[in-house]
Structures are given as structure tokens and as C-alpha cells.
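Written out below as C-alpha cells is the structure these notes cover.
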Amino acid sequence: MTTLIKNISSLLNIRTQHHLLFGADLANLPVMEDAYVLIEDGIIAGYGKMCDLDKLTTPDIVFDAKGGMVLPSWCDSHTHLVFAGSREGEFVDKIKGLSYAEIAAKGGGILNSAAKLAEASEDELFNAAWKRLQEVTLMGTGAIEIKSGYGLTVDAELKMLRVIKKLRQKSSLEIKATFLGAHTYPLAYKENHQGYLKEIKEEMLPVIAAEGLADYIDVFCESGFFSPEEMEDVIKAGLHHGLKPKLHINQLNSIGGLQKALELKAVSVDHLETMTEMDIADLSASATIGTLLPTAAFFLRMPFQPARQLIDHGCAIALASDFNPGSSPSGNMNFVVSLSCIQMKMLPEEAINAATLNGAFAMELQDKVGSVSVGKKANLIITKPIPSLAYLPYAFGSNLIEHVMVNGEIIA
Ligand code: NIG
Ligand code: FE
């Protein structure tokens with residue numbers, strides 16, 4: 001089955017070969033004007049200028065982009081999309097001035113989500129997560145990473161990961177699963193960290209590995225959560241089971257987690273709201289991707305990640321939504337891209353690259369998605385007619401997506 005998308009005003013992020021974009025390279029977004037894309041069986045088979053379109057091409061389906069732009073779907077490399085209930089009560093408490101500690105004392109935070117998740121059946125969880133996945137698909141996300149971490153018991157962590165596995169089976173999106181058993185210490189283990197670490201290593205990880213339930217392992221390395229040493233313990237056990245680390249680092253405090261994560265050769269270090277000069281220098285000297293989650297900083301009214309400094313120091317950065325009920329109750333990557341330009345002073349080209357190609361690298365999906373390249377999946381966004389690519393992040397509240405294509409099929 002051959003599909004032709006014609007009359008594309010600008011075809012964004014076209015690449016004959018791809019590599020992770022470090023530093024200044026992030027601003028290079030290859031574009032072709034007045035273009036077409038040819039798709040065969042869901043895979044990009046070619047692209048070129050409309051004037052060069054071979055008149056003898058006889059596609060099964062011709063789709064007219066009507067002067068809209070086409071870009072690769074968003075690659076959202078950090079989400080907690082499986083959860084059991086919203087937490088707008090905490091949101092209102094914060095508006096009224098309650099602190100994080102006061103909210104936690106009222107049973108809020110990650111433990112609130114864990115209590116809700118314990119009550120939910122696998123089917124209920126799946127149905128709610130499926131709706132969210134549909135929602136973000138329609139907003140242009142074509143590949144996504146999803147974490148566990150609201151289970152915090154053997155049964156509930158496995159329940160979450162099985163839901164992610166089912167999402168993967170039913171959805172045509174590219175989905176990666178991450179085990180985040182070390183999200184916080186459950187109440188029962190508050191004074192017995194070793195006990196919970198043992199449960200993760202001896203009871204959760206062997207089953208997860210045996211059932212192939214995760215690709216990556218994550219730890220929330222933060223004061224009051226997991227120390228760098230505790231993180232190392234969990235990561236080493238994960239590596240033993242073939243799970244590479246993608247980590248929550250430097251969200252609230254810089255406590256040496258970044259250096260430990262680099263030592264452990266993390267695929268990505270995520271959050272990075274709180275970075276010292278040394279943290280920035282160390283990250284820039286590594287091949288690890290720094291994944292920035294600006295909507296979490298926005299929602300928690302925290303300082304934004306130092307994107308400009310990171311880029312100017314030569315780091316490889318990606319952008320992701322952190323979709324979760326506590327710190328980023330939105331999986332809208334269009335807003336993530338806008339916010340990155342508005343608040344972190346990223347150039348539109350940098351933000352698009354960070355949310356597509358570098359996001360794909362942060363899930364090790366760069367051979368399948370993240371750019372318009374022959375052989376990659378036709379997971380594409382077709383925009384409404386817009387005056388320039390900068391208009392995408394500029395017109396931040398508008399829905400500029402006209403159609404979404406997944407595996408070569410227009411799904412909306
Ligand atoms: O990435 N920081 C840790 N975990 C989540 C939020 C946790 C929650 O409040 O549910 C995050 O922001
Ligand atoms: Fe997160």
C-alpha cells in the first residue's frame with residue numbers, strides 16, 4: 001500500500017542519516033519547501049520537491065496537505081501515563097499556600113497516587129491509560145515512554161507494568177516501559193530502606209525480567225527519597241537484569257545523583273531543574289542525554305531548567321512531558337515545545353529537534369522514529385497552513401495540528 005502526501009509547504013527534520021544532537025547542532029533543523037512524502041506500508045519510502053514528483057507515481061492513496069507543514073511526531077521520552085486518579089485537590093491546596101510537606105502530611109503526593117492505584121483493577125487502569133494515550137496521540141505524540149512507580153508493592157508495580165505491556169500490544173505507537181519501583185519509600189518501609197530495596201531487587205526485578213515487562217529502570221534520586229548510593233544499588237540490580245537506567249535527577253536538589261548517574265552510564269538524566277556549574281560541566285562531558293521537563297517546573301512554580309546553558313555547554317538535550325497527576329497533569333508536547341521557547345529561550349528549531357530526534361534517542365528508538373527519513377515509520381504531524389515553523393511554538397494556545405498519521409495511516 002502506497003500513500004502520497006502532497007502539497008506540503010515545509011517538510012521538517014528531513015535526514016538521510018541521524019546522530020544525537022549535541023550543543024549548537026540542536027539548532028540545525030533540515031527543511032524542504034514545497035515537498036511531498038511517499039509512504040509504503042507504513043514506512044517512509046521517499047520525499048522530495050513537488051516539482052520533482054514523478055508523474056508516473058501511482059499511489060493507492062493521495063493525501064493533500066493543502067499547504068500545511070509536515071514534521072515527525074513528538075517523541076515523548078518521559079511519562080507516568082498510567083495512574084489511577086487525578087490530584088486536583090492538592091493543586092487547590094497549593095494555590096491556598098500549603099507546602100509540599102504539608103500536602104504530604106495530609107496523605108498527598110506519590111503515596112496518594114499509590115493508594116488510589118492499589119484500589120484500581122488492572123482493567124480500570126488500562127482503560128484510563130488508554131484514554132490518555134489516545135488523547136496524546138491526537139496531540140501529535142507518536143512514540144512514548146511510560147513508567148511504573150505508583151505501585152510501590154510487588155503486586156501493584158507488576159500490575160502497572162502489565163498495563164503498559166497491554167498498551168503496547170493494543171496501540172500502534174512505539175512504547176517503551178520503565179520500572180520505577182524506587183519512586184518513593186512506601187510508608188511501611190519509611191524507617192527500613194534496606195527492606196524496600198531488597199523487595200525491589202529480589203521480588204520485583206526477577207519477575208519483571210522474566211516476563212519482559214520493562215526496557216529501563218528509573219529511580220527518583222532526591223533528598224527525602226532515594227540517595228545516590230541507594231540509586232546505585234537499584235540500578236546495578238536493574239543492569240544485572242538487562243535494564244538500562246533513565247533517571248529522575250536534580251529536580252529539587254543537587255545531591256550528587258547526576259555524577260552517579262553518569263558513572264552508571266544512564267541513557268538519560270531527567271528533570272534537571274536544579275543544576276550547579278559542576279553538574280552542567282559534568283553532563284556536557286558525557287554522552288548521556290539531559291531530558292528537560294518544563295511543564296513540571298511550570299506546574300510546580302519552580303525555576304525552569306537551564307536549557308540555554310546546557311546547550312551552550314554542548315550537552316545533548318531532549319524535551320518530554322512528564323505526564324503525571326502530581327507535577328505535570330498534561331501530556332501535550334505542543335505546549336512543552338512552546339514553553340521551552342517561551343521560558344527556556346530555546347530556538348524553535350532546537351525545541352523541535354529536542355522533542356523529536358533527541359527524544360527518540362532518549363528511548364533508543366532513533367532507527368524507527370524522530371525524523372523524516374527513508375526507512376523510518378510514517379508517524380507524522382500535518383499542521384494547518386501556518387506562516388513559518390516559529391509559528392508552532394509562538395501560537396501556544398492554538399491547536400495547529402490538522403491531521404495525525406501513525407504507521408502511514410491518517411488517524412485523525
Ligand atoms: O517526575 N519527581 C518525581 N516524580 C514525578 C511526580 C510525582 C508525583 O507527584 O506524582 C515527576 O515529577
Ligand atoms: Fe517524572
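Going through the C-alpha cells in order, the chains are called A, B, and so on, while each chain numbers its residues from 1 and the ligands are numbered from 1 in the order shown.
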
Counting only C-alpha atoms and all ligand atoms, name the residues that have an atom within 12 Å of an atom of ligand 2; the answer should be given as JSON, numbers by chain. {"A": [76, 77, 78, 79, 80, 81, 82, 110, 145, 146, 147, 148, 149, 150, 178, 179, 180, 182, 183, 218, 219, 220, 221, 246, 247, 248, 249, 250, 251, 269, 270, 271, 272, 291, 292, 293, 294, 295, 296, 297, 320, 321, 322, 323, 324, 325, 326, 327, 328, 329, 331]}

Using C-alpha atoms, can you write the selected residues to a file as a tab-separated table (two decimals), in the first residue's frame?
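Printed below is part_18.tsv as written:
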chain	number	residue	atom	x	y	z
A	76	ASP	CA	7.79	11.88	24.49
A	77	SER	CA	10.56	10.08	26.37
A	78	HIS	CA	9.37	10.58	29.97
A	79	THR	CA	5.80	9.99	31.19
A	80	HIS	CA	3.89	8.41	34.07
A	81	LEU	CA	0.78	7.96	31.94
A	82	VAL	CA	-0.60	5.00	33.92
A	110	ILE	CA	3.20	9.98	45.24
A	145	GLU	CA	7.96	6.09	27.33
A	146	ILE	CA	5.75	5.10	30.26
A	147	LYS	CA	6.89	4.41	33.83
A	148	SER	CA	5.57	2.38	36.72
A	149	GLY	CA	6.18	3.86	40.19
A	150	TYR	CA	2.72	4.39	41.65
A	178	THR	CA	10.37	1.81	32.55
A	179	PHE	CA	10.35	0.23	36.01
A	180	LEU	CA	10.24	2.97	38.68
A	182	ALA	CA	12.16	3.30	43.51
A	183	HIS	CA	9.84	6.32	43.20
A	218	ASP	CA	14.40	4.54	36.92
A	219	VAL	CA	14.98	5.92	40.43
A	220	PHE	CA	13.80	9.22	41.96
A	221	CYS	CA	17.16	10.38	43.32
A	246	LYS	CA	16.87	6.51	32.80
A	247	LEU	CA	16.76	8.58	35.98
A	248	HIS	CA	14.93	11.33	37.89
A	249	ILE	CA	17.83	13.61	38.85
A	250	ASN	CA	18.30	17.12	40.26
A	251	GLN	CA	14.62	18.09	40.35
A	269	VAL	CA	19.04	12.08	33.26
A	270	ASP	CA	15.65	13.71	33.54
A	271	HIS	CA	14.27	16.90	35.20
A	272	LEU	CA	17.47	18.96	35.88
A	291	THR	CA	15.82	15.34	29.36
A	292	LEU	CA	14.11	18.57	30.36
A	293	LEU	CA	10.54	18.54	31.66
A	294	PRO	CA	9.50	22.20	31.58
A	295	THR	CA	5.80	21.58	32.26
A	296	ALA	CA	6.73	20.08	35.65
A	297	ALA	CA	8.70	23.22	36.54
A	320	ALA	CA	9.44	15.44	27.40
A	321	SER	CA	6.08	15.98	29.10
A	322	ASP	CA	6.46	14.10	32.44
A	323	PHE	CA	2.67	13.48	32.12
A	324	ASN	CA	1.64	12.53	35.69
A	325	PRO	CA	-1.10	13.50	38.15
A	326	GLY	CA	1.19	15.31	40.62
A	327	SER	CA	3.59	17.58	38.80
A	328	SER	CA	2.52	17.68	35.15
A	329	PRO	CA	-1.10	16.69	34.52
A	331	GLY	CA	0.91	15.19	28.05

Residues at most 12 Å from Ile382 of chain A, counting only C-alpha atoms, excluding those fewer than 4 positions away in the same chain, as a PyMOL selection string? chain A and resi 5-12+36-37+63-74+138-140+378+386+392+399-406+410-412

Using only N, CA and C atoms, please write the residues we just selected to a file, as an mmCIF file, in the first residue's frame.
data_model
loop_
_atom_site.group_PDB
_atom_site.id
_atom_site.type_symbol
_atom_site.label_atom_id
_atom_site.label_comp_id
_atom_site.auth_asym_id
_atom_site.auth_seq_id
_atom_site.Cartn_x
_atom_site.Cartn_y
_atom_site.Cartn_z
ATOM 1 N N ILE A 5 1.715 11.976 0.401
ATOM 2 C CA ILE A 5 1.251 13.241 0.985
ATOM 3 C C ILE A 5 1.811 14.338 0.087
ATOM 4 N N LYS A 6 0.925 15.123 -0.498
ATOM 5 C CA LYS A 6 1.391 16.155 -1.430
ATOM 6 C C LYS A 6 1.072 17.557 -0.903
ATOM 7 N N ASN A 7 1.652 18.535 -1.584
ATOM 8 C CA ASN A 7 1.422 19.951 -1.244
ATOM 9 C C ASN A 7 1.774 20.302 0.203
ATOM 10 N N ILE A 8 2.959 19.882 0.611
ATOM 11 C CA ILE A 8 3.473 20.213 1.955
ATOM 12 C C ILE A 8 4.259 21.516 1.824
ATOM 13 N N SER A 9 3.891 22.531 2.613
ATOM 14 C CA SER A 9 4.610 23.816 2.486
ATOM 15 C C SER A 9 6.054 23.660 2.961
ATOM 16 N N SER A 10 6.253 23.031 4.147
ATOM 17 C CA SER A 10 7.614 22.755 4.644
ATOM 18 C C SER A 10 7.627 21.372 5.264
ATOM 19 N N LEU A 11 8.591 20.593 4.863
ATOM 20 C CA LEU A 11 8.776 19.252 5.437
ATOM 21 C C LEU A 11 9.953 19.367 6.409
ATOM 22 N N LEU A 12 9.658 19.165 7.700
ATOM 23 C CA LEU A 12 10.656 19.469 8.735
ATOM 24 C C LEU A 12 11.397 18.232 9.219
ATOM 25 N N TYR A 36 6.776 16.692 -1.032
ATOM 26 C CA TYR A 36 5.867 15.540 -0.908
ATOM 27 C C TYR A 36 6.577 14.474 -0.085
ATOM 28 N N VAL A 37 5.801 13.538 0.471
ATOM 29 C CA VAL A 37 6.361 12.356 1.147
ATOM 30 C C VAL A 37 5.651 11.138 0.584
ATOM 31 N N PHE A 63 -2.971 12.015 -0.366
ATOM 32 C CA PHE A 63 -3.449 12.868 0.710
ATOM 33 C C PHE A 63 -2.912 14.276 0.489
ATOM 34 N N ASP A 64 -3.794 15.245 0.458
ATOM 35 C CA ASP A 64 -3.389 16.626 0.177
ATOM 36 C C ASP A 64 -3.162 17.385 1.498
ATOM 37 N N ALA A 65 -1.914 17.794 1.747
ATOM 38 C CA ALA A 65 -1.610 18.534 2.984
ATOM 39 C C ALA A 65 -2.093 19.978 2.893
ATOM 40 N N LYS A 66 -2.519 20.395 1.716
ATOM 41 C CA LYS A 66 -3.116 21.718 1.485
ATOM 42 C C LYS A 66 -2.281 22.855 2.054
ATOM 43 N N GLY A 67 -0.975 22.756 1.884
ATOM 44 C CA GLY A 67 -0.111 23.852 2.338
ATOM 45 C C GLY A 67 0.231 23.817 3.813
ATOM 46 N N GLY A 68 -0.129 22.749 4.500
ATOM 47 C CA GLY A 68 0.300 22.592 5.901
ATOM 48 C C GLY A 68 1.742 22.109 5.948
ATOM 49 N N MET A 69 2.337 22.200 7.120
ATOM 50 C CA MET A 69 3.695 21.659 7.288
ATOM 51 C C MET A 69 3.589 20.205 7.735
ATOM 52 N N VAL A 70 4.656 19.447 7.511
ATOM 53 C CA VAL A 70 4.707 18.068 8.000
ATOM 54 C C VAL A 70 5.988 17.902 8.809
ATOM 55 N N LEU A 71 5.832 17.335 9.989
ATOM 56 C CA LEU A 71 7.002 17.083 10.829
ATOM 57 C C LEU A 71 6.871 15.716 11.499
ATOM 58 N N PRO A 72 7.991 15.148 11.977
ATOM 59 C CA PRO A 72 7.880 13.867 12.662
ATOM 60 C C PRO A 72 7.060 14.021 13.936
ATOM 61 N N SER A 73 6.303 13.003 14.297
ATOM 62 C CA SER A 73 5.522 13.060 15.539
ATOM 63 C C SER A 73 6.440 13.300 16.725
ATOM 64 N N TRP A 74 5.860 13.833 17.776
ATOM 65 C CA TRP A 74 6.622 14.057 19.009
ATOM 66 C C TRP A 74 7.063 12.724 19.599
ATOM 67 N N LEU A 138 -3.583 12.140 19.568
ATOM 68 C CA LEU A 138 -4.258 13.184 18.776
ATOM 69 C C LEU A 138 -3.529 14.523 18.879
ATOM 70 N N MET A 139 -2.721 14.677 19.919
ATOM 71 C CA MET A 139 -1.933 15.915 20.046
ATOM 72 C C MET A 139 -0.548 15.758 19.412
ATOM 73 N N GLY A 140 -0.348 14.657 18.692
ATOM 74 C CA GLY A 140 0.856 14.537 17.880
ATOM 75 C C GLY A 140 1.974 13.669 18.433
ATOM 76 N N ALA A 378 6.212 6.115 9.314
ATOM 77 C CA ALA A 378 5.491 7.329 8.913
ATOM 78 C C ALA A 378 4.573 7.734 10.063
ATOM 79 N N ILE A 386 0.366 27.361 8.208
ATOM 80 C CA ILE A 386 0.916 28.331 9.174
ATOM 81 C C ILE A 386 2.043 29.099 8.481
ATOM 82 N N LEU A 392 4.686 27.649 15.242
ATOM 83 C CA LEU A 392 4.258 26.488 16.054
ATOM 84 C C LEU A 392 4.401 26.770 17.556
ATOM 85 N N ASN A 399 -4.613 25.066 18.601
ATOM 86 C CA ASN A 399 -4.373 23.724 18.069
ATOM 87 C C ASN A 399 -4.022 23.860 16.595
ATOM 88 N N LEU A 400 -2.761 23.684 16.293
ATOM 89 C CA LEU A 400 -2.290 23.882 14.921
ATOM 90 C C LEU A 400 -2.190 22.567 14.160
ATOM 91 N N ILE A 401 -2.584 21.474 14.815
ATOM 92 C CA ILE A 401 -2.499 20.164 14.150
ATOM 93 C C ILE A 401 -3.782 19.912 13.365
ATOM 94 N N GLU A 402 -3.613 19.658 12.061
ATOM 95 C CA GLU A 402 -4.773 19.368 11.222
ATOM 96 C C GLU A 402 -5.014 17.850 11.176
ATOM 97 N N HIS A 403 -3.923 17.089 11.026
ATOM 98 C CA HIS A 403 -4.039 15.624 10.954
ATOM 99 C C HIS A 403 -2.855 14.974 11.644
ATOM 100 N N VAL A 404 -3.081 13.750 12.074
ATOM 101 C CA VAL A 404 -2.013 12.955 12.677
ATOM 102 C C VAL A 404 -1.933 11.639 11.917
ATOM 103 N N MET A 405 -0.717 11.249 11.553
ATOM 104 C CA MET A 405 -0.520 9.972 10.860
ATOM 105 C C MET A 405 0.293 9.044 11.751
ATOM 106 N N VAL A 406 -0.187 7.824 11.898
ATOM 107 C CA VAL A 406 0.560 6.812 12.645
ATOM 108 C C VAL A 406 0.717 5.590 11.744
ATOM 109 N N ILE A 410 -3.709 7.937 8.338
ATOM 110 C CA ILE A 410 -4.245 9.163 8.930
ATOM 111 C C ILE A 410 -5.276 8.734 9.974
ATOM 112 N N ILE A 411 -4.988 9.007 11.236
ATOM 113 C CA ILE A 411 -5.916 8.549 12.271
ATOM 114 C C ILE A 411 -6.820 9.672 12.761
ATOM 115 N N ALA A 412 -6.513 10.882 12.386
ATOM 116 C CA ALA A 412 -7.401 11.999 12.758
ATOM 117 C C ALA A 412 -7.109 13.188 11.859
#

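Counting from atom CA of Ile144 of chain A, the distance to atom CA of Lys201 of chain A is 25.9 Å.
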
Those of segment 116-267 of chain A in DSSP alpha helix (DSSP H), formatted as a ChimeraX atom specification: /A:116-119,122-138,154-170,193-198,205-210,228-240,257-263

Based on the selection just made, write C-alpha atoms of those residues as a PDB file, in the first residue's frame.
ATOM      1  CA  LYS A 116      -5.546   5.178  44.563  1.00  0.00           C
ATOM      2  CA  LEU A 117      -3.707   2.740  42.315  1.00  0.00           C
ATOM      3  CA  ALA A 118      -3.890  -0.051  44.898  1.00  0.00           C
ATOM      4  CA  GLU A 119      -7.702   0.179  44.709  1.00  0.00           C
ATOM      5  CA  GLU A 122      -5.914  -3.791  36.004  1.00  0.00           C
ATOM      6  CA  ASP A 123      -8.811  -3.211  33.602  1.00  0.00           C
ATOM      7  CA  GLU A 124      -9.751   0.123  35.155  1.00  0.00           C
ATOM      8  CA  LEU A 125      -6.138   1.253  34.995  1.00  0.00           C
ATOM      9  CA  PHE A 126      -5.820   0.110  31.413  1.00  0.00           C
ATOM     10  CA  ASN A 127      -8.985   1.897  30.299  1.00  0.00           C
ATOM     11  CA  ALA A 128      -7.954   5.181  31.906  1.00  0.00           C
ATOM     12  CA  ALA A 129      -4.420   4.956  30.495  1.00  0.00           C
ATOM     13  CA  TRP A 130      -5.751   4.045  27.047  1.00  0.00           C
ATOM     14  CA  LYS A 131      -7.861   7.222  27.005  1.00  0.00           C
ATOM     15  CA  ARG A 132      -4.809   9.308  27.904  1.00  0.00           C
ATOM     16  CA  LEU A 133      -2.785   7.570  25.221  1.00  0.00           C
ATOM     17  CA  GLN A 134      -5.466   8.375  22.656  1.00  0.00           C
ATOM     18  CA  GLU A 135      -5.510  11.963  23.837  1.00  0.00           C
ATOM     19  CA  VAL A 136      -1.749  12.448  23.433  1.00  0.00           C
ATOM     20  CA  THR A 137      -1.774  10.617  20.093  1.00  0.00           C
ATOM     21  CA  LEU A 138      -4.258  13.184  18.776  1.00  0.00           C
ATOM     22  CA  VAL A 154       5.276  -6.180  44.231  1.00  0.00           C
ATOM     23  CA  ASP A 155       1.692  -6.732  43.062  1.00  0.00           C
ATOM     24  CA  ALA A 156       0.910  -3.123  42.217  1.00  0.00           C
ATOM     25  CA  GLU A 157       4.194  -2.454  40.389  1.00  0.00           C
ATOM     26  CA  LEU A 158       3.623  -5.597  38.300  1.00  0.00           C
ATOM     27  CA  LYS A 159       0.016  -4.514  37.712  1.00  0.00           C
ATOM     28  CA  MET A 160       1.227  -1.177  36.308  1.00  0.00           C
ATOM     29  CA  LEU A 161       3.845  -2.794  34.098  1.00  0.00           C
ATOM     30  CA  ARG A 162       1.315  -5.300  32.763  1.00  0.00           C
ATOM     31  CA  VAL A 163      -0.966  -2.402  31.880  1.00  0.00           C
ATOM     32  CA  ILE A 164       1.925  -0.794  29.970  1.00  0.00           C
ATOM     33  CA  LYS A 165       2.527  -4.111  28.190  1.00  0.00           C
ATOM     34  CA  LYS A 166      -1.137  -4.221  27.133  1.00  0.00           C
ATOM     35  CA  LEU A 167      -0.993  -0.618  25.920  1.00  0.00           C
ATOM     36  CA  ARG A 168       1.975  -1.640  23.830  1.00  0.00           C
ATOM     37  CA  GLN A 169       0.104  -4.603  22.376  1.00  0.00           C
ATOM     38  CA  LYS A 170      -3.015  -2.617  21.506  1.00  0.00           C
ATOM     39  CA  HIS A 193      15.075   1.444  53.409  1.00  0.00           C
ATOM     40  CA  GLN A 194      17.082  -1.748  53.114  1.00  0.00           C
ATOM     41  CA  GLY A 195      13.863  -3.761  53.365  1.00  0.00           C
ATOM     42  CA  TYR A 196      12.282  -1.996  50.393  1.00  0.00           C
ATOM     43  CA  LEU A 197      15.485  -2.085  48.343  1.00  0.00           C
ATOM     44  CA  LYS A 198      15.587  -5.844  48.977  1.00  0.00           C
ATOM     45  CA  LEU A 205      13.122  -7.241  39.307  1.00  0.00           C
ATOM     46  CA  PRO A 206      13.322 -11.030  38.726  1.00  0.00           C
ATOM     47  CA  VAL A 207       9.624 -11.185  37.719  1.00  0.00           C
ATOM     48  CA  ILE A 208       9.889  -8.047  35.578  1.00  0.00           C
ATOM     49  CA  ALA A 209      12.870  -9.530  33.764  1.00  0.00           C
ATOM     50  CA  ALA A 210      11.288 -12.962  33.377  1.00  0.00           C
ATOM     51  CA  PRO A 228      22.723   8.414  45.137  1.00  0.00           C
ATOM     52  CA  GLU A 229      24.026   5.293  46.920  1.00  0.00           C
ATOM     53  CA  GLU A 230      20.543   3.769  47.141  1.00  0.00           C
ATOM     54  CA  MET A 231      20.039   4.612  43.472  1.00  0.00           C
ATOM     55  CA  GLU A 232      23.299   2.882  42.584  1.00  0.00           C
ATOM     56  CA  ASP A 233      22.176  -0.228  44.430  1.00  0.00           C
ATOM     57  CA  VAL A 234      18.876  -0.353  42.490  1.00  0.00           C
ATOM     58  CA  ILE A 235      20.473   0.475  39.126  1.00  0.00           C
ATOM     59  CA  LYS A 236      23.142  -2.196  39.469  1.00  0.00           C
ATOM     60  CA  ALA A 237      20.440  -4.779  40.134  1.00  0.00           C
ATOM     61  CA  GLY A 238      18.491  -3.479  37.123  1.00  0.00           C
ATOM     62  CA  LEU A 239      21.550  -3.650  34.882  1.00  0.00           C
ATOM     63  CA  HIS A 240      22.043  -7.232  36.006  1.00  0.00           C
ATOM     64  CA  GLY A 257      22.901  11.973  41.755  1.00  0.00           C
ATOM     65  CA  LEU A 258      23.982  13.367  38.420  1.00  0.00           C
ATOM     66  CA  GLN A 259      27.599  12.258  38.832  1.00  0.00           C
ATOM     67  CA  LYS A 260      26.464   8.817  39.978  1.00  0.00           C
ATOM     68  CA  ALA A 261      24.065   8.541  37.018  1.00  0.00           C
ATOM     69  CA  LEU A 262      26.864   9.404  34.585  1.00  0.00           C
ATOM     70  CA  GLU A 263      29.127   6.843  36.230  1.00  0.00           C
TER      71      GLU A 263
END

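Among the candidate residues A:Thr16, A:Ser227, A:Asn112, A:Ser268, the one lying nearest to ligand 1 is A:Asn112, with distances computed using only C-alpha atoms and all ligand atoms.
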
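The closest residue to ligand 1, picked from A:Ala351, A:Ala84, A:Leu310, A:Leu56 and counting only C-alpha atoms and all ligand atoms, is A:Ala84.
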
Would you pick out the contacts of segment 91-101 of chain A at 10 Å or less, using only C-alpha atoms, so that residues sharing its chain but fewer than 4 positions from it are not included, and give the list as an NGL selection string? :A and (86-87 or 105-109 or 299-300 or 325-327)

Requested write-out: N, CA, C and O atoms of the selected residues, as a PDB file, in the first residue's frame:
ATOM      1  N   SER A  86      -6.917  11.569  39.501  1.00  0.00           N
ATOM      2  CA  SER A  86      -6.298  12.890  39.421  1.00  0.00           C
ATOM      3  C   SER A  86      -6.041  13.433  40.829  1.00  0.00           C
ATOM      4  O   SER A  86      -6.538  12.892  41.813  1.00  0.00           O
ATOM      5  N   ARG A  87      -5.266  14.508  40.920  1.00  0.00           N
ATOM      6  CA  ARG A  87      -4.922  15.066  42.240  1.00  0.00           C
ATOM      7  C   ARG A  87      -5.148  16.570  42.269  1.00  0.00           C
ATOM      8  O   ARG A  87      -4.336  17.329  42.780  1.00  0.00           O
ATOM      9  N   ALA A 105       1.891  15.454  54.391  1.00  0.00           N
ATOM     10  CA  ALA A 105       1.370  15.066  55.707  1.00  0.00           C
ATOM     11  C   ALA A 105      -0.132  14.772  55.652  1.00  0.00           C
ATOM     12  O   ALA A 105      -0.655  13.969  56.431  1.00  0.00           O
ATOM     13  N   LYS A 106      -0.826  15.395  54.685  1.00  0.00           N
ATOM     14  CA  LYS A 106      -2.266  15.115  54.507  1.00  0.00           C
ATOM     15  C   LYS A 106      -2.497  13.854  53.663  1.00  0.00           C
ATOM     16  O   LYS A 106      -3.615  13.588  53.224  1.00  0.00           O
ATOM     17  N   GLY A 107      -1.419  13.151  53.367  1.00  0.00           N
ATOM     18  CA  GLY A 107      -1.555  11.919  52.565  1.00  0.00           C
ATOM     19  C   GLY A 107      -1.425  12.194  51.080  1.00  0.00           C
ATOM     20  O   GLY A 107      -1.825  11.374  50.253  1.00  0.00           O
ATOM     21  N   GLY A 108      -0.858  13.347  50.724  1.00  0.00           N
ATOM     22  CA  GLY A 108      -0.738  13.709  49.311  1.00  0.00           C
ATOM     23  C   GLY A 108       0.528  13.181  48.676  1.00  0.00           C
ATOM     24  O   GLY A 108       1.263  12.396  49.269  1.00  0.00           O
ATOM     25  N   GLY A 109       0.776  13.606  47.445  1.00  0.00           N
ATOM     26  CA  GLY A 109       1.994  13.233  46.739  1.00  0.00           C
ATOM     27  C   GLY A 109       1.927  11.854  46.108  1.00  0.00           C
ATOM     28  O   GLY A 109       0.850  11.316  45.834  1.00  0.00           O
ATOM     29  N   PHE A 299       4.269  23.794  36.365  1.00  0.00           N
ATOM     30  CA  PHE A 299       3.139  23.437  37.223  1.00  0.00           C
ATOM     31  C   PHE A 299       3.491  23.596  38.705  1.00  0.00           C
ATOM     32  O   PHE A 299       2.650  23.982  39.514  1.00  0.00           O
ATOM     33  N   LEU A 300       4.742  23.296  39.047  1.00  0.00           N
ATOM     34  CA  LEU A 300       5.170  23.392  40.455  1.00  0.00           C
ATOM     35  C   LEU A 300       5.714  24.777  40.800  1.00  0.00           C
ATOM     36  O   LEU A 300       6.198  25.003  41.907  1.00  0.00           O
ATOM     37  N   PRO A 325      -0.038  12.753  37.465  1.00  0.00           N
ATOM     38  CA  PRO A 325      -1.100  13.501  38.154  1.00  0.00           C
ATOM     39  C   PRO A 325      -0.597  14.511  39.179  1.00  0.00           C
ATOM     40  O   PRO A 325      -1.371  15.361  39.624  1.00  0.00           O
ATOM     41  N   GLY A 326       0.695  14.444  39.549  1.00  0.00           N
ATOM     42  CA  GLY A 326       1.185  15.307  40.620  1.00  0.00           C
ATOM     43  C   GLY A 326       1.897  16.560  40.151  1.00  0.00           C
ATOM     44  O   GLY A 326       1.670  17.648  40.691  1.00  0.00           O
ATOM     45  N   SER A 327       2.764  16.419  39.157  1.00  0.00           N
ATOM     46  CA  SER A 327       3.586  17.580  38.797  1.00  0.00           C
ATOM     47  C   SER A 327       3.449  18.028  37.356  1.00  0.00           C
ATOM     48  O   SER A 327       3.983  19.079  36.983  1.00  0.00           O
TER      49      SER A 327
END

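Minimum atom-to-atom distances from A:Asn334, A:Gly359, A:Ala104, A:Ala120 to Thr383 of chain A were compared using only C-alpha atoms, and the lowest value belongs to A:Asn334.
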
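Among the candidates A:Ser113, A:Ala360, A:Ser284, A:Asp367, the residue lying nearest to Phe83 of chain A is A:Ser113 (atoms considered: only C-alpha atoms).
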
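Distance annotation: of A:Thr153, A:Ser172, A:Thr356, A:Gln17, the residue with the minimal separation from Gly42 of chain A is A:Ser172; atom set is only C-alpha atoms.
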
Of the candidates A:Glu33, A:Glu203, A:Asp25, A:Glu88, which one gets nearest to ligand 1 if we count only C-alpha atoms and all ligand atoms? A:Glu88
